[in-house]
Amino acid sequence: MPAVTNHMPTAELQALDAAHHIHPFSTQSNFEKEGARVIKRGEGVWLFDSEGEKILDAMAGLWCVNVGYGREELVEVATRQMRELPFYNTFFKTTHVPAIALATKLAELAPGNLNHVFFASGGSDANDTNIRVVRHYWNMKGKPEKTIIISRKNGYHGSTMGSASLGGMSGMHAQGGLPIPDIHHINQPDWWAEGGQLTPEEFGLARARELEQAIDELGENRVAAFIAEPIQGAGGVIIPPSTYWPEIKRICAEREILLIADEVICGFGRTGNWFGNQTVGVQPDIMTIAKGMSSGYQPIGGSILSDEIANTLGKDEFNHGYTYSGHPVASAVALENLRIIEEEKLIDHVRDTAGPYMRKKWEELTDHPLVGEAKIVGLMGSIALTPDKSSRAAFAAGAGTAGLICRERCFANNLVMRHVGDRMIISPPLVIQPDEIDVLAERAHRALDETYKRLKEEGLM
Ligand code: PMP
């Protein structure tokens with residue numbers, strides 16, 4: 001086997017990658033035909049690949065590099081912490097300063113009475129924790145029959161057995177025997193695709209009321225919790241109609257169920273507040289956090305629990321924990337990342353500067369013949385591609401016809417935008433500046449032009 005080095009030609013790296021590295025959410029055999037792009041370095045909102053191309057990363061990696069690439073402060077903190085204490089666990093009556101400091105800071109930032117953090121390594125395992133927490137909580141309250149968790153079709157909560165069951169991705173459920181028992185899915189508030197003749201406001205109310213109907217059908221005595229992303233991310237940045245969350249809030253207040261806000265994408269400034277639930281105006285009982293918590297510099301996630309839940313669980317041993325719960329290096333890096341977000345006023349930047357400017361540029365894309373709607377909150381946005389704007393039509397050749405071509409045209413124009421079906425989505429680093437937003441919009445426009453041309457040439461619209 002050759003020694004893999006940073007200087008190896010791209011084709012050789014790609015061949016070894018295809019031979020030995022199984023990629024997430026990919027058709028592995030495709031890498032034999034066309035190798036993966038090899039990313040070597042990052043700086044701010046920019047990536048540099050093995051061919052020396054400079055690429056604008058409008059996805060912040062996987063929605064996570066909120067403070068941008070190349071932050072020396074985070075490198076220094078990680079180095080210092082690795083020297084001092086690279087690992088110790090937080091089981092068996094031990095703790096360490098990085099975990100204490102991070103949990104304390106998160107309790108300060110989290111809204112309301114969310115003051116207690118159970119750490120994980122990412123969002124999936126944090127959501128697995130949540131399943132166990134809510135079921136165990138109701139058991140401790142003397143209501144062991146409250147085990148059902150209601151979630152949404154096309155929601156994304158992770159890839160482990162539990163979190164993928166919470167998620168409503170049919171393609172995931174089809175592989176590996178999912179969902180696990182006692183997870184119930186209701187419809188998503190995606191007006192563009194599913195709203196029919198209803199106004200967005202009517203549709204938002206109707207979709208929220210599905211929660212109430214589900215509770216009635218399943219029995220309030222059986223339902224433990226409702227979990228949702230304040231704004232669905234991986235489902236295609238589905239921004240719900242304005243009526244949706246206030247109605248969910250009403251239902252949760254009237255019914256004895258817990259609300260879990262999955263803030264893995266929406267948290268840490270993405271929507272122009274610390275957390276997405278503040279943007280949509282609800283107070284959850286549990287928040288799932290990951291990604292922007294460390295800006296992806298270290299793998300870390302967690303569940304922030306309310307006083308009531310934590311105090312109830314605290315009465316007994318909770319038989320749950322991960323080796324890397326509260327990992328000292330990840331915790332120290334996350335804490336430093338939160339300091340950067342605070343000191344550089346990145347949330348104000350999203351709310352007052354980058355967000356409004358990105359919105360203007362994003363909404364201008366609706367002038368393009370392919371773009372039906374452009375939606376954005378803070379710095380997470382999506383455009384819906386359609387062959388006919390007035391009827392909100394889908395492409396006859398199937399979902400993803402235009403999206404996949406558009407993603408490839410973006411890549412060819414050195415712009416990372418992702419596609420979900422025929423929605424193109426963005427979630428750039430929060431540090432993005434107006435001149436970089438201009439580049440993003442200009443490249444997006446070019447990619448749309450090229451996509452349109454291809455679709456016409458191939459008779460796909
Ligand atoms: N929840 C949401 C809302 C997510 O977007 C993701 C990841 N995209 C997860 C959970 C899972 O997080 P991880 O990939 O860190 O396990």
# chains A, B, ... in the order shown; residues from 1 in each chain; ligands from 1
>>> select_by_dssp(residues="range 53-137 of chain A", states="strand (DSSP E or B)", output="PDB file with N, CA and C atoms, in the first residue's frame")
ATOM      1  N   LYS A  54     -10.359  27.519  -5.502  1.00  0.00           N
ATOM      2  CA  LYS A  54     -10.858  28.229  -4.321  1.00  0.00           C
ATOM      3  C   LYS A  54     -12.381  28.243  -4.393  1.00  0.00           C
ATOM      4  N   ILE A  55     -13.000  27.614  -3.412  1.00  0.00           N
ATOM      5  CA  ILE A  55     -14.434  27.330  -3.470  1.00  0.00           C
ATOM      6  C   ILE A  55     -15.151  28.068  -2.341  1.00  0.00           C
ATOM      7  N   LEU A  56     -16.266  28.707  -2.674  1.00  0.00           N
ATOM      8  CA  LEU A  56     -17.055  29.366  -1.627  1.00  0.00           C
ATOM      9  C   LEU A  56     -17.967  28.317  -0.974  1.00  0.00           C
ATOM     10  N   ASP A  57     -17.800  28.140   0.317  1.00  0.00           N
ATOM     11  CA  ASP A  57     -18.580  27.106   1.015  1.00  0.00           C
ATOM     12  C   ASP A  57     -19.870  27.702   1.568  1.00  0.00           C
ATOM     13  N   TYR A  69     -13.583  28.961   8.721  1.00  0.00           N
ATOM     14  CA  TYR A  69     -12.383  28.106   8.793  1.00  0.00           C
ATOM     15  C   TYR A  69     -11.158  28.914   9.234  1.00  0.00           C
ATOM     16  N   LEU A 114     -33.861  26.009  30.913  1.00  0.00           N
ATOM     17  CA  LEU A 114     -32.992  24.942  30.377  1.00  0.00           C
ATOM     18  C   LEU A 114     -31.597  25.145  30.959  1.00  0.00           C
ATOM     19  N   ASN A 115     -31.300  24.408  32.000  1.00  0.00           N
ATOM     20  CA  ASN A 115     -30.079  24.680  32.768  1.00  0.00           C
ATOM     21  C   ASN A 115     -29.164  23.484  32.965  1.00  0.00           C
ATOM     22  N   HIS A 116     -29.465  22.353  32.294  1.00  0.00           N
ATOM     23  CA  HIS A 116     -28.721  21.126  32.609  1.00  0.00           C
ATOM     24  C   HIS A 116     -28.343  20.413  31.314  1.00  0.00           C
ATOM     25  N   VAL A 117     -27.051  20.116  31.173  1.00  0.00           N
ATOM     26  CA  VAL A 117     -26.570  19.588  29.895  1.00  0.00           C
ATOM     27  C   VAL A 117     -26.094  18.146  30.039  1.00  0.00           C
ATOM     28  N   PHE A 118     -26.576  17.284  29.159  1.00  0.00           N
ATOM     29  CA  PHE A 118     -26.031  15.925  29.032  1.00  0.00           C
ATOM     30  C   PHE A 118     -25.276  15.896  27.714  1.00  0.00           C
ATOM     31  N   PHE A 119     -23.962  15.655  27.765  1.00  0.00           N
ATOM     32  CA  PHE A 119     -23.153  15.769  26.554  1.00  0.00           C
ATOM     33  C   PHE A 119     -23.139  14.488  25.726  1.00  0.00           C
ATOM     34  N   ALA A 120     -22.990  14.685  24.411  1.00  0.00           N
ATOM     35  CA  ALA A 120     -22.852  13.590  23.447  1.00  0.00           C
ATOM     36  C   ALA A 120     -21.735  13.983  22.480  1.00  0.00           C
TER      37      ALA A 120
END
>>> residues_near_ligand(ligand="ligand 1", cutoff="10 Å", atoms="only C-alpha atoms and all ligand atoms", output="ChimeraX atom specification")
/A:62-64,120-128,155-160,163-164,166-167,228-235,261-267,288-291,296,299-302
>>> residues_around(residues="Ser170 in chain A", least_positions_apart="5", cutoff="10 Å", atoms="only C-alpha atoms", output="list in words")
Lys153, Asn154, Ala164, Ser165, Gln175, Leu178 and Pro179 of chain A
>>> closest_residue(among="A:Gln433, A:Pro387, A:Val333, A:Gly61", to="Glu73 in chain A", atoms="only C-alpha atoms")
A:Val333
>>> residues_around(residues="range 242-252 of chain A", least_positions_apart="6", cutoff="12 Å", atoms="only C-alpha atoms", output="number ranges by chain")
A: 150, 188-191, 199-216, 220, 223-231, 258-261, 276-285
>>> write_last_selection(atoms="N, CA and C atoms", output="short mmCIF file (atom, residue, chain, number, x, y, z; two decimals), in the first residue's frame")
data_model
loop_
_atom_site.label_atom_id
_atom_site.label_comp_id
_atom_site.auth_asym_id
_atom_site.auth_seq_id
_atom_site.Cartn_x
_atom_site.Cartn_y
_atom_site.Cartn_z
N ILE A 150 -43.86 11.95 18.99
CA ILE A 150 -44.39 12.39 17.69
C ILE A 150 -43.31 13.25 17.02
N GLN A 188 -45.28 17.45 7.46
CA GLN A 188 -44.44 18.64 7.61
C GLN A 188 -45.17 19.88 7.07
N PRO A 189 -44.75 21.07 7.53
CA PRO A 189 -45.38 22.30 7.05
C PRO A 189 -44.71 22.85 5.78
N ASP A 190 -44.69 22.02 4.73
CA ASP A 190 -44.04 22.44 3.48
C ASP A 190 -45.12 22.92 2.51
N TRP A 191 -45.43 24.23 2.58
CA TRP A 191 -46.52 24.78 1.78
C TRP A 191 -46.22 24.64 0.29
N THR A 199 -54.03 28.83 1.48
CA THR A 199 -53.03 29.89 1.63
C THR A 199 -51.94 29.34 2.57
N PRO A 200 -50.76 29.93 2.56
CA PRO A 200 -49.72 29.45 3.49
C PRO A 200 -50.21 29.49 4.94
N GLU A 201 -50.96 30.52 5.31
CA GLU A 201 -51.41 30.66 6.70
C GLU A 201 -52.41 29.53 7.05
N GLU A 202 -53.34 29.28 6.15
CA GLU A 202 -54.31 28.19 6.39
C GLU A 202 -53.58 26.85 6.51
N PHE A 203 -52.62 26.67 5.61
CA PHE A 203 -51.88 25.40 5.58
C PHE A 203 -51.04 25.22 6.84
N GLY A 204 -50.42 26.31 7.29
CA GLY A 204 -49.60 26.25 8.52
C GLY A 204 -50.45 25.79 9.70
N LEU A 205 -51.65 26.36 9.82
CA LEU A 205 -52.56 25.97 10.90
C LEU A 205 -52.97 24.51 10.78
N ALA A 206 -53.30 24.11 9.55
CA ALA A 206 -53.76 22.73 9.33
C ALA A 206 -52.67 21.74 9.71
N ARG A 207 -51.44 22.03 9.31
CA ARG A 207 -50.35 21.09 9.62
C ARG A 207 -50.02 21.07 11.11
N ALA A 208 -50.12 22.22 11.77
CA ALA A 208 -49.87 22.24 13.22
C ALA A 208 -50.95 21.42 13.93
N ARG A 209 -52.19 21.53 13.43
CA ARG A 209 -53.30 20.82 14.11
C ARG A 209 -53.20 19.31 13.96
N GLU A 210 -52.37 18.86 13.04
CA GLU A 210 -52.12 17.41 12.95
C GLU A 210 -51.49 16.90 14.25
N LEU A 211 -50.77 17.77 14.94
CA LEU A 211 -50.19 17.34 16.22
C LEU A 211 -51.32 17.06 17.21
N GLU A 212 -52.26 17.98 17.26
CA GLU A 212 -53.40 17.83 18.18
C GLU A 212 -54.19 16.55 17.84
N GLN A 213 -54.42 16.37 16.53
CA GLN A 213 -55.18 15.17 16.11
C GLN A 213 -54.43 13.89 16.50
N ALA A 214 -53.11 13.92 16.29
CA ALA A 214 -52.32 12.72 16.62
C ALA A 214 -52.38 12.43 18.11
N ILE A 215 -52.32 13.49 18.93
CA ILE A 215 -52.38 13.27 20.39
C ILE A 215 -53.74 12.67 20.75
N ASP A 216 -54.80 13.19 20.11
CA ASP A 216 -56.14 12.67 20.39
C ASP A 216 -56.25 11.20 19.96
N GLU A 220 -53.53 11.05 24.92
CA GLU A 220 -52.56 11.92 25.61
C GLU A 220 -51.77 11.14 26.66
N VAL A 223 -48.61 9.73 24.89
CA VAL A 223 -47.64 10.56 24.15
C VAL A 223 -46.67 11.22 25.13
N ALA A 224 -45.38 11.00 24.89
CA ALA A 224 -44.34 11.55 25.76
C ALA A 224 -43.89 12.92 25.29
N ALA A 225 -43.72 13.07 23.97
CA ALA A 225 -43.06 14.30 23.49
C ALA A 225 -43.32 14.51 22.01
N PHE A 226 -43.12 15.75 21.61
CA PHE A 226 -43.08 16.12 20.18
C PHE A 226 -41.69 16.67 19.93
N ILE A 227 -41.05 16.19 18.86
CA ILE A 227 -39.73 16.71 18.49
C ILE A 227 -39.79 17.34 17.12
N ALA A 228 -39.16 18.50 16.97
CA ALA A 228 -39.12 19.17 15.66
C ALA A 228 -37.93 20.10 15.60
N GLU A 229 -37.44 20.30 14.40
CA GLU A 229 -36.47 21.36 14.16
C GLU A 229 -37.28 22.66 14.01
N PRO A 230 -36.86 23.75 14.66
CA PRO A 230 -37.60 25.01 14.47
C PRO A 230 -37.77 25.33 12.97
N ILE A 231 -36.70 25.12 12.21
CA ILE A 231 -36.79 25.18 10.75
C ILE A 231 -36.12 23.92 10.24
N LEU A 258 -44.00 16.81 26.28
CA LEU A 258 -42.77 17.60 26.29
C LEU A 258 -42.46 18.05 24.86
N LEU A 259 -41.85 19.22 24.75
CA LEU A 259 -41.43 19.71 23.44
C LEU A 259 -39.90 19.65 23.35
N ILE A 260 -39.43 18.92 22.35
CA ILE A 260 -37.98 18.85 22.11
C ILE A 260 -37.68 19.68 20.86
N ALA A 261 -36.89 20.73 21.01
CA ALA A 261 -36.46 21.52 19.84
C ALA A 261 -35.11 20.99 19.40
N GLY A 276 -32.96 28.65 17.48
CA GLY A 276 -34.08 28.78 16.54
C GLY A 276 -35.42 28.91 17.24
N ASN A 277 -35.55 28.27 18.44
CA ASN A 277 -36.84 28.37 19.13
C ASN A 277 -37.14 29.80 19.55
N GLN A 278 -36.08 30.62 19.75
CA GLN A 278 -36.29 32.04 20.06
C GLN A 278 -36.80 32.76 18.81
N THR A 279 -36.33 32.35 17.65
CA THR A 279 -36.78 32.97 16.40
C THR A 279 -38.24 32.63 16.12
N VAL A 280 -38.64 31.38 16.40
CA VAL A 280 -40.03 31.01 16.11
C VAL A 280 -40.95 31.19 17.32
N GLY A 281 -40.39 31.55 18.48
CA GLY A 281 -41.22 31.95 19.62
C GLY A 281 -41.82 30.82 20.44
N VAL A 282 -41.06 29.74 20.66
CA VAL A 282 -41.55 28.69 21.58
C VAL A 282 -40.48 28.36 22.61
N GLN A 283 -40.93 27.92 23.77
CA GLN A 283 -39.98 27.51 24.82
C GLN A 283 -39.99 25.99 24.93
N PRO A 284 -38.91 25.33 24.51
CA PRO A 284 -38.91 23.87 24.61
C PRO A 284 -38.57 23.39 26.02
N ASP A 285 -38.80 22.10 26.24
CA ASP A 285 -38.40 21.46 27.50
C ASP A 285 -37.01 20.84 27.38
#
>>> residues_around(residues="Val416 in chain A", least_positions_apart="3", cutoff="12 Å", atoms="only C-alpha atoms", output="MDAnalysis selection string")
chainID A and resid 37 39 45:48 54:63 406:413 419 424:429 439:441 443:444 447
>>> closest_residue(among="A:His185, A:His327, A:Arg351, A:Arg132", to="Arg152 in chain A", atoms="only C-alpha atoms")
A:His185
>>> residues_around(residues="Glu363 in chain A", least_positions_apart="6", cutoff="12 Å", atoms="only C-alpha atoms", output="list in words")
Gly355, Pro356, Tyr357, Val371, Gly372, Glu373, Ala374, Lys375, Ile376, Val377, Gly381, Ser382, Ile383, Ala384, Ala441 and His445 of chain A
>>> residues_around(residues="Asn6 in chain A", least_positions_apart="3", cutoff="12 Å", atoms="only C-alpha atoms", output="PyMOL selection string")
chain A and resi 3+9-10+12-13+38-41+49-51
>>> decode(residues="range 140-186 of chain A", atoms="C-alpha atoms", output="tab-separated table (two decimals), in the first residue's frame")
chain	number	residue	atom	x	y	z
A	140	MET	CA	-40.28	8.44	37.00
A	141	LYS	CA	-43.43	10.59	37.09
A	142	GLY	CA	-45.51	7.44	37.45
A	143	LYS	CA	-46.72	7.45	33.84
A	144	PRO	CA	-44.73	4.64	32.22
A	145	GLU	CA	-47.28	4.32	29.39
A	146	LYS	CA	-46.22	7.74	28.00
A	147	THR	CA	-43.64	6.45	25.52
A	148	ILE	CA	-44.71	7.66	22.08
A	149	ILE	CA	-42.72	10.44	20.48
A	150	ILE	CA	-44.39	12.39	17.69
A	151	SER	CA	-42.12	13.77	14.98
A	152	ARG	CA	-42.49	14.84	11.37
A	153	LYS	CA	-42.15	13.32	7.94
A	154	ASN	CA	-39.08	14.68	6.19
A	155	GLY	CA	-37.63	15.88	9.49
A	156	TYR	CA	-33.99	14.96	10.14
A	157	HIS	CA	-32.71	14.06	13.57
A	158	GLY	CA	-29.67	11.87	12.85
A	159	SER	CA	-28.49	8.49	11.60
A	160	THR	CA	-28.43	6.20	14.62
A	161	MET	CA	-31.31	3.73	15.05
A	162	GLY	CA	-33.12	6.01	17.48
A	163	SER	CA	-32.49	9.36	15.84
A	164	ALA	CA	-33.18	8.05	12.32
A	165	SER	CA	-36.47	6.67	13.67
A	166	LEU	CA	-37.34	10.10	14.99
A	167	GLY	CA	-36.45	11.47	11.58
A	168	GLY	CA	-39.05	11.17	8.90
A	169	MET	CA	-36.84	10.26	5.96
A	170	SER	CA	-38.52	7.37	4.15
A	171	GLY	CA	-35.29	6.43	2.37
A	172	MET	CA	-33.64	5.91	5.74
A	173	HIS	CA	-36.53	3.94	7.19
A	174	ALA	CA	-36.37	1.60	4.22
A	175	GLN	CA	-32.89	0.43	5.26
A	176	GLY	CA	-32.26	-1.47	8.47
A	177	GLY	CA	-35.68	-2.01	9.99
A	178	LEU	CA	-36.75	1.47	11.09
A	179	PRO	CA	-38.48	3.10	12.83
A	180	ILE	CA	-38.12	1.65	16.32
A	181	PRO	CA	-41.47	1.20	18.15
A	182	ASP	CA	-43.53	4.09	19.48
A	183	ILE	CA	-42.46	6.83	17.09
A	184	HIS	CA	-45.33	8.48	15.19
A	185	HIS	CA	-44.84	10.82	12.22
A	186	ILE	CA	-47.13	13.68	11.22
